[in-house]
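J.: So that you have it, the file is start-v4.cif, and it contains mmCIF, C-alpha atoms:
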```cif
data_coords
#
loop_
_atom_site.label_atom_id
_atom_site.label_comp_id
_atom_site.auth_asym_id
_atom_site.auth_seq_id
_atom_site.Cartn_x
_atom_site.Cartn_y
_atom_site.Cartn_z
CA MET D 1 26.46 140.12 54.31
CA SER D 2 24.54 136.88 53.85
CA ASP D 3 23.73 134.92 56.99
CA TYR D 4 24.98 131.72 55.41
CA THR D 5 28.12 130.71 53.54
CA SER D 6 28.65 128.38 50.63
CA ASN D 7 31.48 126.01 49.85
CA ARG D 8 33.58 126.14 46.70
CA ASN D 9 30.87 124.45 44.65
CA GLY D 10 28.31 126.81 46.03
CA GLU D 11 26.25 123.85 47.33
CA GLN D 12 26.66 123.09 50.99
CA VAL D 13 26.02 126.05 53.11
CA THR D 14 26.29 126.75 56.79
CA SER D 15 24.88 129.68 58.64
CA GLN D 16 27.18 131.86 60.68
CA ASN D 17 26.04 130.22 63.91
CA LEU D 18 26.72 126.72 62.42
CA THR D 19 23.07 125.81 61.98
CA PRO D 20 22.76 123.56 58.92
CA VAL D 21 20.72 125.25 56.22
CA THR D 22 19.70 124.45 52.65
CA ALA D 23 21.05 126.32 49.66
CA SER D 24 18.09 128.65 49.92
CA GLY D 25 18.85 129.33 53.54
CA GLN D 26 16.12 127.20 55.16
CA ASN D 27 17.01 125.80 58.54
CA LEU D 28 17.55 122.03 58.06
CA ASN D 29 17.12 121.40 61.75
CA ALA D 30 13.60 122.71 61.39
CA ILE D 31 12.59 120.92 58.18
CA ASP D 32 14.42 117.59 58.67
CA ALA D 33 15.48 117.51 62.26
CA PRO D 34 16.66 113.92 62.82
CA ASN D 35 19.16 113.62 60.05
CA VAL D 36 20.56 115.43 57.06
CA ASN D 37 23.76 117.18 58.05
CA ASN D 38 24.21 116.14 61.64
CA PRO D 39 22.98 112.59 62.19
CA GLU D 40 24.58 112.48 65.61
CA HIS D 41 22.06 115.03 66.77
CA VAL D 42 19.04 112.84 66.12
CA ALA D 43 16.22 113.59 68.53
CA HIS D 44 16.00 111.13 71.42
CA HIS D 45 12.69 109.31 71.01
CA ILE D 46 11.31 107.55 74.08
CA VAL D 47 9.31 104.46 73.11
CA SER D 48 6.24 104.18 75.33
CA PRO D 49 5.40 101.17 77.53
CA VAL D 50 2.16 100.75 75.54
CA MET D 51 4.25 100.27 72.39
CA TYR D 52 6.55 97.80 74.17
CA LEU D 53 3.55 95.87 75.44
CA SER D 54 1.96 95.62 71.99
CA ILE D 55 5.28 94.43 70.50
CA PHE D 56 5.44 91.85 73.31
CA GLY D 57 1.94 90.73 72.26
CA VAL D 58 3.01 90.43 68.62
CA LEU D 59 6.03 88.33 69.64
CA MET D 60 3.82 86.02 71.75
CA ILE D 61 1.39 85.55 68.87
CA GLY D 62 4.36 84.83 66.58
CA THR D 63 5.71 82.25 69.03
CA LEU D 64 2.39 80.42 69.24
CA ALA D 65 1.98 80.67 65.45
CA THR D 66 5.38 79.11 64.81
CA VAL D 67 4.50 76.16 67.09
CA GLY D 68 1.04 75.86 65.52
CA PHE D 69 2.36 75.84 61.95
CA ALA D 70 5.02 73.29 62.91
CA TYR D 71 2.26 70.71 63.49
CA VAL D 72 0.49 71.48 60.20
CA PRO D 73 1.84 69.18 57.48
CA LEU D 74 2.86 71.65 54.78
CA GLY D 75 5.61 69.50 53.28
CA ARG D 76 8.44 71.61 51.94
CA LEU D 77 6.70 74.79 53.04
CA ASN D 78 7.13 74.14 56.79
CA ALA D 79 10.69 75.48 56.91
CA PRO D 80 10.03 78.68 54.90
CA VAL D 81 6.96 79.42 57.06
CA ALA D 82 8.98 78.93 60.28
CA ILE D 83 11.78 81.19 58.99
CA ALA D 84 9.30 83.81 57.78
CA ILE D 85 7.66 83.97 61.21
CA ALA D 86 11.06 84.14 62.93
CA CYS D 87 12.20 86.95 60.60
CA THR D 88 8.99 88.89 61.26
CA LYS D 89 9.53 88.57 65.01
CA ALA D 90 13.17 89.62 64.65
CA VAL D 91 12.18 92.69 62.63
CA PHE D 92 9.76 93.76 65.37
CA VAL D 93 12.46 93.32 68.01
CA VAL D 94 15.02 95.28 65.97
CA LEU D 95 12.69 98.12 65.03
CA PHE D 96 10.99 98.70 68.37
CA PHE D 97 12.79 96.98 71.26
CA MET D 98 16.13 98.07 69.78
CA HIS D 99 14.78 101.48 68.71
CA VAL D 100 16.12 101.24 65.15
CA LYS D 101 12.89 102.73 63.78
CA TYR D 102 13.69 105.89 65.75
CA SER D 103 17.45 105.89 65.13
CA SER D 104 19.58 107.92 62.78
CA ARG D 105 20.30 106.83 59.23
CA LEU D 106 23.81 105.91 60.34
CA VAL D 107 22.50 103.28 62.75
CA LYS D 108 19.85 102.07 60.28
CA LEU D 109 22.47 101.58 57.59
CA THR D 110 24.80 99.85 60.05
CA VAL D 111 22.10 97.36 61.06
CA ALA D 112 21.12 96.72 57.44
CA SER D 113 24.74 96.16 56.43
CA GLY D 114 25.14 93.60 59.22
CA PHE D 115 22.26 91.44 58.05
CA PHE D 116 23.29 91.96 54.43
CA THR D 117 26.79 90.66 55.24
CA PHE D 118 25.23 87.60 56.86
CA LEU D 119 23.22 86.97 53.68
CA ILE D 120 26.47 87.17 51.68
CA LEU D 121 27.94 84.55 54.01
CA VAL D 122 24.99 82.23 53.33
CA PHE D 123 24.70 82.82 49.59
CA MET D 124 28.40 82.53 48.83
CA SER D 125 28.81 79.38 50.94
CA LEU D 126 25.69 77.74 49.55
CA SER D 127 26.49 78.56 45.95
CA ASP D 128 29.80 76.82 46.49
CA TYR D 129 28.23 73.67 47.98
CA VAL D 130 25.32 73.57 45.54
CA SER D 131 27.61 73.80 42.51
CA ARG D 132 29.85 70.91 43.56
CA ALA D 133 28.46 67.50 44.54
CA TRP D 134 24.99 68.40 45.77
CA GLY D 135 22.90 65.32 46.49
CA GLN D 136 25.83 62.90 46.39
CA TRP D 137 26.55 62.66 50.10
CA MET O 1 67.09 122.91 99.82
CA SER O 2 67.86 119.33 100.62
CA VAL O 3 68.24 116.57 98.07
CA SER O 4 65.10 114.84 99.30
CA THR O 5 62.97 117.87 98.45
CA THR O 6 64.27 117.80 94.91
CA ILE O 7 63.47 114.11 94.57
CA SER O 8 60.00 114.56 95.93
CA GLU O 9 59.44 117.36 93.45
CA LEU O 10 60.53 114.96 90.73
CA THR O 11 58.35 112.10 91.83
CA HIS O 12 55.37 114.26 92.74
CA PRO O 13 55.42 117.19 90.37
CA PRO O 14 52.83 119.86 91.02
CA SER O 15 49.74 119.24 88.96
CA PRO O 16 49.68 121.36 85.84
CA GLU O 17 47.27 124.20 85.85
CA VAL O 18 44.57 123.04 83.50
CA GLU O 19 41.24 124.68 83.37
CA HIS O 20 38.63 122.17 84.36
CA SER O 21 36.16 121.32 81.61
CA THR O 22 33.22 122.52 83.69
CA GLY O 23 34.84 125.92 83.74
CA VAL O 24 34.69 126.13 79.97
CA HIS O 25 31.15 125.13 79.22
CA ASP O 26 28.22 123.37 80.80
CA HIS O 27 27.61 119.73 80.00
CA PRO O 28 25.98 116.76 81.73
CA PHE O 29 28.12 114.88 84.27
CA TYR O 30 28.25 111.77 82.07
CA GLN O 31 29.46 113.55 78.93
CA LYS O 32 33.09 112.80 78.12
CA HIS O 33 35.13 115.79 77.12
CA HIS O 34 35.95 114.58 73.61
CA PHE O 35 32.29 114.78 72.61
CA GLU O 36 30.72 118.02 71.54
CA THR O 37 27.29 117.21 72.88
CA ALA O 38 25.60 114.52 74.95
CA GLU O 39 23.54 113.57 71.88
CA GLN O 40 26.71 113.01 69.88
CA GLN O 41 28.09 110.81 72.65
CA ARG O 42 24.84 108.83 72.77
CA GLU O 43 24.88 108.34 69.01
CA ALA O 44 28.53 107.25 69.07
CA ALA O 45 27.77 104.79 71.88
CA SER O 46 24.89 103.10 70.08
CA PHE O 47 26.82 103.09 66.79
CA GLY O 48 29.70 101.34 68.55
CA MET O 49 27.33 98.86 70.19
CA TRP O 50 25.80 98.03 66.83
CA LEU O 51 29.24 97.46 65.31
CA PHE O 52 29.86 94.94 68.09
CA LEU O 53 26.50 93.32 67.40
CA LEU O 54 27.45 92.99 63.70
CA THR O 55 30.41 90.84 64.74
CA GLU O 56 27.96 88.83 66.82
CA ILE O 57 25.68 88.37 63.80
CA MET O 58 28.63 86.92 61.88
CA PHE O 59 29.66 84.80 64.89
CA PHE O 60 26.26 83.13 65.17
CA GLY O 61 25.91 83.35 61.38
CA GLY O 62 28.64 80.75 60.87
CA LEU O 63 26.78 78.33 63.11
CA PHE O 64 23.50 78.99 61.31
CA MET O 65 25.24 78.39 57.99
CA ALA O 66 26.61 75.04 59.24
CA TYR O 67 23.13 74.14 60.49
CA LEU O 68 21.54 75.02 57.14
CA LEU O 69 23.96 72.84 55.23
CA TYR O 70 23.84 69.76 57.48
CA ARG O 71 20.09 69.96 57.81
CA ASN O 72 19.84 69.66 54.02
CA TRP O 73 22.40 66.88 53.87
CA TYR O 74 21.09 64.73 56.72
CA TYR O 75 17.44 65.78 56.85
CA ASP O 76 16.03 62.44 58.16
CA ALA O 77 18.57 62.30 60.99
CA PHE O 78 17.85 65.94 61.86
CA VAL O 79 14.09 65.30 61.99
CA ALA O 80 14.47 62.25 64.26
CA ALA O 81 16.97 64.00 66.55
CA SER O 82 14.93 67.22 66.69
CA ASN O 83 11.83 65.29 67.76
CA THR O 84 13.64 63.90 70.82
CA ILE O 85 14.15 67.34 72.36
CA SER O 86 11.26 68.70 74.39
CA MET O 87 9.05 71.12 72.45
CA PRO O 88 7.08 72.28 75.56
CA LEU O 89 10.31 73.21 77.38
CA GLY O 90 11.55 75.04 74.30
CA LEU O 91 8.25 76.91 74.03
CA ILE O 92 8.32 77.88 77.72
CA ASN O 93 11.89 79.09 77.33
CA THR O 94 10.92 81.17 74.30
CA ILE O 95 8.15 82.82 76.29
CA VAL O 96 10.52 83.36 79.25
CA LEU O 97 13.15 84.96 77.03
CA ILE O 98 10.73 87.23 75.15
CA SER O 99 9.31 88.30 78.53
CA SER O 100 12.83 89.13 79.71
CA SER O 101 13.30 91.21 76.56
CA PHE O 102 10.10 93.05 77.43
CA THR O 103 11.25 93.73 81.01
CA MET O 104 14.60 94.93 79.61
CA ALA O 105 12.77 97.30 77.26
CA MET O 106 10.86 98.58 80.28
CA ALA O 107 14.18 99.09 82.08
CA VAL O 108 15.34 101.34 79.22
CA TRP O 109 12.08 103.25 79.42
CA SER O 110 12.44 103.64 83.21
CA ALA O 111 15.96 105.03 82.78
CA GLU O 112 14.69 107.47 80.17
CA VAL O 113 11.86 108.76 82.35
CA ARG O 114 14.23 108.69 85.37
CA ASN O 115 12.27 106.27 87.54
CA LYS O 116 14.89 104.54 89.68
CA LYS O 117 12.52 102.20 91.51
CA PHE O 118 10.94 100.86 88.33
CA LEU O 119 14.35 100.60 86.66
CA GLN O 120 15.57 98.35 89.46
CA ILE O 121 12.38 96.27 89.41
CA SER O 122 12.72 95.83 85.64
CA LEU O 123 16.39 94.88 85.82
CA LEU O 124 15.69 92.44 88.64
CA ALA O 125 12.83 90.87 86.66
CA THR O 126 15.21 90.49 83.70
CA VAL O 127 17.78 88.75 85.93
CA VAL O 128 15.13 86.40 87.34
CA LEU O 129 13.80 85.52 83.87
CA GLY O 130 17.37 85.01 82.65
CA PHE O 131 18.03 82.54 85.45
CA ALA O 132 14.69 80.82 84.73
CA PHE O 133 15.77 80.33 81.12
CA LEU O 134 19.14 78.89 82.16
CA GLY O 135 17.46 76.64 84.74
CA ILE O 136 15.11 75.13 82.14
CA LYS O 137 18.04 74.79 79.74
CA THR O 138 20.01 72.91 82.42
CA GLY O 139 17.09 70.50 82.78
CA GLU O 140 17.03 69.92 79.03
CA TYR O 141 20.77 69.32 78.93
CA SER O 142 20.66 66.79 81.77
CA ASP O 143 17.89 64.92 79.91
CA LYS O 144 20.22 64.66 76.92
CA PHE O 145 23.03 63.31 79.08
CA ARG O 146 20.70 60.75 80.64
CA GLU O 147 19.47 59.60 77.22
CA HIS O 148 23.05 59.28 75.89
CA HIS O 149 22.23 61.87 73.22
CA VAL O 150 25.37 63.93 73.85
CA PRO O 151 27.87 63.54 70.97
CA GLY O 152 30.99 61.64 71.90
CA ALA O 153 32.05 58.24 73.24
CA ALA O 154 28.86 57.78 75.29
CA PHE O 155 26.55 58.56 72.37
CA ASP O 156 23.96 55.83 71.75
CA ILE O 157 22.07 55.51 68.47
CA ARG O 158 19.65 52.85 69.75
CA ASP O 159 16.82 55.37 70.23
CA PHE O 160 17.04 56.09 66.51
CA THR O 161 17.64 52.60 65.07
CA THR O 162 14.98 51.01 67.28
CA PRO O 163 12.61 53.76 68.44
CA PRO O 164 11.08 53.12 71.87
CA ALA O 165 7.53 51.77 71.99
CA GLY O 166 4.95 54.49 71.52
CA SER O 167 7.30 56.63 69.41
CA LYS O 168 5.96 57.86 66.10
CA GLU O 169 9.46 57.82 64.60
CA LYS O 170 10.46 55.38 61.86
CA PRO O 171 13.58 53.31 62.62
CA LEU O 172 16.65 54.79 60.89
CA PRO O 173 19.42 52.77 59.20
CA ILE O 174 22.61 52.75 61.25
CA ASP O 175 24.55 55.13 58.97
CA VAL O 176 21.71 57.67 59.04
CA ALA O 177 21.26 57.26 62.81
CA GLU O 178 24.93 58.08 63.31
CA LYS O 179 24.28 61.46 61.68
CA THR O 180 22.00 62.46 64.56
CA GLN O 181 25.30 63.24 66.35
CA ILE O 182 25.77 66.11 63.93
CA PHE O 183 22.40 67.52 64.91
CA PHE O 184 23.24 67.23 68.59
CA SER O 185 26.69 68.75 68.05
CA LEU O 186 25.04 71.79 66.47
CA TYR O 187 22.32 71.77 69.13
CA PHE O 188 24.86 71.92 71.94
CA ALA O 189 27.12 74.38 70.14
CA MET O 190 24.35 76.82 69.26
CA THR O 191 22.32 76.64 72.49
CA GLY O 192 25.58 76.47 74.48
CA VAL O 193 27.04 79.60 72.93
CA HIS O 194 23.66 81.26 73.34
CA ALA O 195 23.62 80.26 77.02
CA VAL O 196 27.14 81.68 77.46
CA HIS O 197 25.80 84.98 76.15
CA MET O 198 22.96 84.74 78.67
CA ILE O 199 25.41 84.08 81.54
CA ILE O 200 27.58 87.06 80.53
CA GLY O 201 24.41 89.13 80.17
CA ILE O 202 23.15 88.22 83.64
CA ALA O 203 26.54 89.10 85.14
CA ILE O 204 26.44 92.53 83.47
CA LEU O 205 22.82 92.94 84.55
CA ILE O 206 23.76 92.37 88.19
CA VAL O 207 26.52 95.00 87.89
CA LEU O 208 24.03 97.45 86.32
CA LEU O 209 21.52 96.69 89.06
CA TRP O 210 24.19 97.36 91.70
CA LYS O 211 25.36 100.59 90.08
CA SER O 212 21.82 101.84 89.50
CA ASN O 213 21.67 102.37 93.29
CA SER O 214 23.69 105.54 92.85
CA GLY O 215 20.95 106.94 90.65
CA ALA O 216 23.40 107.66 87.82
CA TYR O 217 21.29 105.84 85.24
CA THR O 218 18.18 107.74 86.27
CA SER O 219 19.69 111.22 85.96
CA GLY O 220 20.06 111.26 82.21
CA TYR O 221 22.86 108.70 81.73
CA VAL O 222 20.81 106.15 79.77
CA GLN O 223 23.57 104.73 77.54
CA PRO O 224 24.75 101.81 79.70
CA ILE O 225 21.17 100.60 80.15
CA GLU O 226 20.30 101.21 76.51
CA ASN O 227 23.40 99.49 75.13
CA PHE O 228 22.92 96.52 77.41
CA GLY O 229 19.32 96.42 76.17
CA LEU O 230 20.64 96.13 72.61
CA TYR O 231 22.81 93.18 73.66
CA TRP O 232 19.96 91.44 75.50
CA HIS O 233 17.52 91.89 72.62
CA PHE O 234 20.14 90.52 70.24
CA VAL O 235 20.46 87.38 72.36
CA ASP O 236 16.66 87.17 72.24
CA ILE O 237 16.69 87.38 68.43
CA VAL O 238 19.19 84.52 68.23
CA TRP O 239 16.82 82.37 70.29
CA ILE O 240 13.84 83.42 68.13
CA PHE O 241 15.65 81.66 65.26
CA LEU O 242 17.07 78.78 67.32
CA PHE O 243 13.69 77.68 68.65
CA PRO O 244 11.98 76.82 65.32
CA LEU O 245 15.21 75.60 63.71
CA LEU O 246 16.18 73.18 66.49
CA TYR O 247 12.87 72.20 68.08
CA LEU O 248 10.36 72.32 65.24
CA ILE O 249 11.99 70.76 62.17
CA ASN O 250 9.22 68.27 61.40
CA ARG O 251 6.86 67.74 64.30
CA HIS O 252 3.97 65.35 63.97
#
```
Would you mind writing the file's structure down as C-alpha cells?

T.:
Amino acid sequence: MSDYTSNRNGEQVTSQNLTPVTASGQNLNAIDAPNVNNPEHVAHHIVSPVMYLSIFGVLMIGTLATVGFAYVPLGRLNAPVAIAIACTKAVFVVLFFMHVKYSSRLVKLTVASGFFTFLILVFMSLSDYVSRAWGQW
Amino acid sequence: MSVSTTISELTHPPSPEVEHSTGVHDHPFYQKHHFETAEQQREAASFGMWLFLLTEIMFFGGLFMAYLLYRNWYYDAFVAASNTISMPLGLINTIVLISSSFTMAMAVWSAEVRNKKFLQISLLATVVLGFAFLGIKTGEYSDKFREHHVPGAAFDIRDFTTPPAGSKEKPLPIDVAEKTQIFFSLYFAMTGVHAVHMIIGIAILIVLLWKSNSGAYTSGYVQPIENFGLYWHFVDIVWIFLFPLLYLINRH
C-alpha cells in the first residue's frame, strides 16, 4: 500500500501520518516548510536585536530626511516626497517590527488587503469629488 | 435522606467526570484546548490582531481622506495654519515614538528568548517614552489654547489676517483665514484620536508589565506581548504619516 493517499481528483495527497506531501510523495514540510498546506504551522522566526536596531536607524534617517526635504522648495513635489518617505518608513515598520516579512501568507495577504481597502476608500472618494465641481469652491 | 440534601445536590451537582486535557496529550500551559497546536494558536492570534488593525486602518483612513480633500481645497489656509504648530516639538515626538516602537520590539524579542528582566526593562522604557510623547503633546495643545487656535467660539483669525511681526507668512483674506479652523479641527481630531490610542496602549502596557512578574510571558507565552507590539507599532505608523502631513506642509 502507498504511504500517501489522493483525493478524488488524484491531486492533493496526504501521507498516512498526515504529513503534507506533493503528488510525487515529497514531504512539503521539508521542501516548503512555512506555508503550502498548513500555513498555521509557519516556523516562528525570532528577529534579532541587531535587525531591530538597524531598522530603528533607517526610521531615524527617514525622519530627518522628511524634515530636511520639507525645507527644500520643490514646489508640487514636496507632498509626494513626504508621502514617499512616510510610506517607506511604514513598510519597514510593517515588515520588520511587525514581523510580516516572516509571517505566513495568510497574514501577508491580510495586511495587503487592509492597505488595498484603504486605497479603494481614497480612490473612490476622490474620483467622486474630482468629477463634480473640482476647483469651484 | 432529608429534603435539604436533595436541594443541595440540585444546587451543587457533583462535577461531571471529564478527563482533563493534560491527561490526553501534552501541550504548553498557555495553549487553549480548541487549538491543535501552540503554533496554530499563535497564528490565529496574530491573524485576529491583524483583522482588528485593518479596522483601525479604515478608522484612521477616513480622517486621512478628509485631510487629503480639505488640504487640496484650502491649501493656503492649511499652509499658514500648519506653520504655526511647532516643528521641533513634532520632530522630538516622532523620535520619541519611534524609540518607543524600538523598545517595544525589544520587549517582543525578550519574551521570545525568555529574558524576564530585559522584558520588564523594555516594557517600562516603552511606558516612559509613551508618557514623554503625551507630555510633549499636552504642551503643544496648551500652546494652541493660549493662541486661540482651537476651533470654536474662542477661535481667533488675527494671527492669519495680520501675521505677527517677524512672521514669514503672508496675510490671508478673512474668508481664507477662517478656513484655518478646518486645519485645526483635523489637527485636533487626528492627533487627539492618536493620543487616545497612546493612552489605551499605555494602560495595557502597565497591565502587561504587572502580569509579566509571574513569568508567564517569558515561558513561551509570547502572544500577548507580540500582539500588543503589533498595536503599538500601528500607532507608530499613524504618527509617521501624521508628522509630515500636519507639521511639514510647506515650511520655509

J.: Suppose a student applies the PyMOL selection byres ((chain D) within 9 of (chain O)) to this structure; what residues should they get, written as a PyMOL selection string?

T.: chain D and resi 39-44+46-49+52-53+55-56+59-60+63-64+66-67+70-73+75+78-79+82-83+86-87+89-90+93-94+97-99+103-104+106-107+110-111+113-115+117-119+121-122+125-126+129+134-135+137

J.: Next, the residues of the selection above should be written as a PDB file, in the coordinates of the input with C-alpha atoms.

T.:
```pdb
ATOM      1  CA  PRO D  39      22.980 112.590  62.190  1.00  0.00           C
ATOM      2  CA  GLU D  40      24.580 112.480  65.610  1.00  0.00           C
ATOM      3  CA  HIS D  41      22.060 115.030  66.770  1.00  0.00           C
ATOM      4  CA  VAL D  42      19.040 112.840  66.120  1.00  0.00           C
ATOM      5  CA  ALA D  43      16.220 113.590  68.530  1.00  0.00           C
ATOM      6  CA  HIS D  44      16.000 111.130  71.420  1.00  0.00           C
ATOM      7  CA  ILE D  46      11.310 107.550  74.080  1.00  0.00           C
ATOM      8  CA  VAL D  47       9.310 104.460  73.110  1.00  0.00           C
ATOM      9  CA  SER D  48       6.240 104.180  75.330  1.00  0.00           C
ATOM     10  CA  PRO D  49       5.400 101.170  77.530  1.00  0.00           C
ATOM     11  CA  TYR D  52       6.550  97.800  74.170  1.00  0.00           C
ATOM     12  CA  LEU D  53       3.550  95.870  75.440  1.00  0.00           C
ATOM     13  CA  ILE D  55       5.280  94.430  70.500  1.00  0.00           C
ATOM     14  CA  PHE D  56       5.440  91.850  73.310  1.00  0.00           C
ATOM     15  CA  LEU D  59       6.030  88.330  69.640  1.00  0.00           C
ATOM     16  CA  MET D  60       3.820  86.020  71.750  1.00  0.00           C
ATOM     17  CA  THR D  63       5.710  82.250  69.030  1.00  0.00           C
ATOM     18  CA  LEU D  64       2.390  80.420  69.240  1.00  0.00           C
ATOM     19  CA  THR D  66       5.380  79.110  64.810  1.00  0.00           C
ATOM     20  CA  VAL D  67       4.500  76.160  67.090  1.00  0.00           C
ATOM     21  CA  ALA D  70       5.020  73.290  62.910  1.00  0.00           C
ATOM     22  CA  TYR D  71       2.260  70.710  63.490  1.00  0.00           C
ATOM     23  CA  VAL D  72       0.490  71.480  60.200  1.00  0.00           C
ATOM     24  CA  PRO D  73       1.840  69.180  57.480  1.00  0.00           C
ATOM     25  CA  GLY D  75       5.610  69.500  53.280  1.00  0.00           C
ATOM     26  CA  ASN D  78       7.130  74.140  56.790  1.00  0.00           C
ATOM     27  CA  ALA D  79      10.690  75.480  56.910  1.00  0.00           C
ATOM     28  CA  ALA D  82       8.980  78.930  60.280  1.00  0.00           C
ATOM     29  CA  ILE D  83      11.780  81.190  58.990  1.00  0.00           C
ATOM     30  CA  ALA D  86      11.060  84.140  62.930  1.00  0.00           C
ATOM     31  CA  CYS D  87      12.200  86.950  60.600  1.00  0.00           C
ATOM     32  CA  LYS D  89       9.530  88.570  65.010  1.00  0.00           C
ATOM     33  CA  ALA D  90      13.170  89.620  64.650  1.00  0.00           C
ATOM     34  CA  VAL D  93      12.460  93.320  68.010  1.00  0.00           C
ATOM     35  CA  VAL D  94      15.020  95.280  65.970  1.00  0.00           C
ATOM     36  CA  PHE D  97      12.790  96.980  71.260  1.00  0.00           C
ATOM     37  CA  MET D  98      16.130  98.070  69.780  1.00  0.00           C
ATOM     38  CA  HIS D  99      14.780 101.480  68.710  1.00  0.00           C
ATOM     39  CA  SER D 103      17.450 105.890  65.130  1.00  0.00           C
ATOM     40  CA  SER D 104      19.580 107.920  62.780  1.00  0.00           C
ATOM     41  CA  LEU D 106      23.810 105.910  60.340  1.00  0.00           C
ATOM     42  CA  VAL D 107      22.500 103.280  62.750  1.00  0.00           C
ATOM     43  CA  THR D 110      24.800  99.850  60.050  1.00  0.00           C
ATOM     44  CA  VAL D 111      22.100  97.360  61.060  1.00  0.00           C
ATOM     45  CA  SER D 113      24.740  96.160  56.430  1.00  0.00           C
ATOM     46  CA  GLY D 114      25.140  93.600  59.220  1.00  0.00           C
ATOM     47  CA  PHE D 115      22.260  91.440  58.050  1.00  0.00           C
ATOM     48  CA  THR D 117      26.790  90.660  55.240  1.00  0.00           C
ATOM     49  CA  PHE D 118      25.230  87.600  56.860  1.00  0.00           C
ATOM     50  CA  LEU D 119      23.220  86.970  53.680  1.00  0.00           C
ATOM     51  CA  LEU D 121      27.940  84.550  54.010  1.00  0.00           C
ATOM     52  CA  VAL D 122      24.990  82.230  53.330  1.00  0.00           C
ATOM     53  CA  SER D 125      28.810  79.380  50.940  1.00  0.00           C
ATOM     54  CA  LEU D 126      25.690  77.740  49.550  1.00  0.00           C
ATOM     55  CA  TYR D 129      28.230  73.670  47.980  1.00  0.00           C
ATOM     56  CA  TRP D 134      24.990  68.400  45.770  1.00  0.00           C
ATOM     57  CA  GLY D 135      22.900  65.320  46.490  1.00  0.00           C
ATOM     58  CA  TRP D 137      26.550  62.660  50.100  1.00  0.00           C
TER      59      TRP D 137
END
```

J.: Which polymer residues, whether protein, DNA or RNA, lie within 12 Å of the coordinate (23.8, 76.0, 74.7) when you count all atoms listed in the file? List them as JSON, numbers by chain, using the chain letters and numbers from the file.

T.: {"O": [133, 134, 135, 136, 137, 138, 139, 140, 141, 184, 185, 186, 187, 188, 189, 190, 191, 192, 193, 194, 195, 196, 197, 198, 199, 238, 239, 242, 243, 246]}

J.: As an exercise, work out the distance from CA of Ala84 (chain D) to CA of Gly62 (chain D) in Å and give it to one decimal place.

T.: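 Interatomic distance, CA of Ala84 (chain D) to CA of Gly62 (chain D): 10.1 Å.
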
J.: Up to 8 Å from (20.9, 93.7, 81.9) in the file's coordinates: name the residues, counting all atoms listed in the file, as a list of chain:residue names.

T.: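 Residues found, by chain and rising number: O:Met104, O:Leu123, O:Thr126, O:Val127, O:Gly201, O:Ile202, O:Ala203, O:Ile204, O:Leu205, O:Ile206, O:Leu208, O:Leu209, O:Ile225, O:Phe228, O:Gly229, O:Trp232.
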
J.: Between CA of Val176 (chain O) and CA of Ala80 (chain O), what distance in Å does the model show, to one decimal?

T.: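 Atom-to-atom, CA of Val176 (chain O) to CA of Ala80 (chain O), that is 10.0 Å.
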
J.: Rebuild region 77-89 of chain D so that it carries N, CA and C atoms, then output the result as a PDB file, keeping the file's coordinate frame.

T.:
```pdb
ATOM      1  N   LEU D  77       6.964  73.409  52.643  1.00  0.00           N
ATOM      2  CA  LEU D  77       6.700  74.790  53.040  1.00  0.00           C
ATOM      3  C   LEU D  77       6.904  75.042  54.537  1.00  0.00           C
ATOM      4  N   ASN D  78       7.004  73.956  55.337  1.00  0.00           N
ATOM      5  CA  ASN D  78       7.130  74.140  56.790  1.00  0.00           C
ATOM      6  C   ASN D  78       8.323  75.012  57.170  1.00  0.00           C
ATOM      7  N   ALA D  79       9.476  74.720  56.558  1.00  0.00           N
ATOM      8  CA  ALA D  79      10.690  75.480  56.910  1.00  0.00           C
ATOM      9  C   ALA D  79      10.572  76.951  56.512  1.00  0.00           C
ATOM     10  N   PRO D  80      10.169  77.264  55.250  1.00  0.00           N
ATOM     11  CA  PRO D  80      10.030  78.680  54.900  1.00  0.00           C
ATOM     12  C   PRO D  80       9.040  79.426  55.800  1.00  0.00           C
ATOM     13  N   VAL D  81       7.938  78.762  56.185  1.00  0.00           N
ATOM     14  CA  VAL D  81       6.960  79.420  57.060  1.00  0.00           C
ATOM     15  C   VAL D  81       7.606  79.727  58.410  1.00  0.00           C
ATOM     16  N   ALA D  82       8.328  78.728  58.969  1.00  0.00           N
ATOM     17  CA  ALA D  82       8.980  78.930  60.280  1.00  0.00           C
ATOM     18  C   ALA D  82       9.978  80.086  60.197  1.00  0.00           C
ATOM     19  N   ILE D  83      10.768  80.130  59.115  1.00  0.00           N
ATOM     20  CA  ILE D  83      11.780  81.190  58.990  1.00  0.00           C
ATOM     21  C   ILE D  83      11.109  82.543  58.776  1.00  0.00           C
ATOM     22  N   ALA D  84      10.012  82.551  58.011  1.00  0.00           N
ATOM     23  CA  ALA D  84       9.300  83.810  57.780  1.00  0.00           C
ATOM     24  C   ALA D  84       8.764  84.381  59.091  1.00  0.00           C
ATOM     25  N   ILE D  85       8.192  83.496  59.923  1.00  0.00           N
ATOM     26  CA  ILE D  85       7.660  83.970  61.210  1.00  0.00           C
ATOM     27  C   ILE D  85       8.808  84.483  62.084  1.00  0.00           C
ATOM     28  N   ALA D  86       9.923  83.727  62.115  1.00  0.00           N
ATOM     29  CA  ALA D  86      11.060  84.140  62.930  1.00  0.00           C
ATOM     30  C   ALA D  86      11.607  85.494  62.460  1.00  0.00           C
ATOM     31  N   CYS D  87      11.693  85.677  61.131  1.00  0.00           N
ATOM     32  CA  CYS D  87      12.200  86.950  60.600  1.00  0.00           C
ATOM     33  C   CYS D  87      11.267  88.096  60.978  1.00  0.00           C
ATOM     34  N   THR D  88       9.957  87.844  60.884  1.00  0.00           N
ATOM     35  CA  THR D  88       8.990  88.890  61.260  1.00  0.00           C
ATOM     36  C   THR D  88       9.180  89.289  62.712  1.00  0.00           C
ATOM     37  N   LYS D  89       9.311  88.269  63.587  1.00  0.00           N
ATOM     38  CA  LYS D  89       9.530  88.570  65.010  1.00  0.00           C
ATOM     39  C   LYS D  89      10.810  89.366  65.206  1.00  0.00           C
TER      40      LYS D  89
END
```
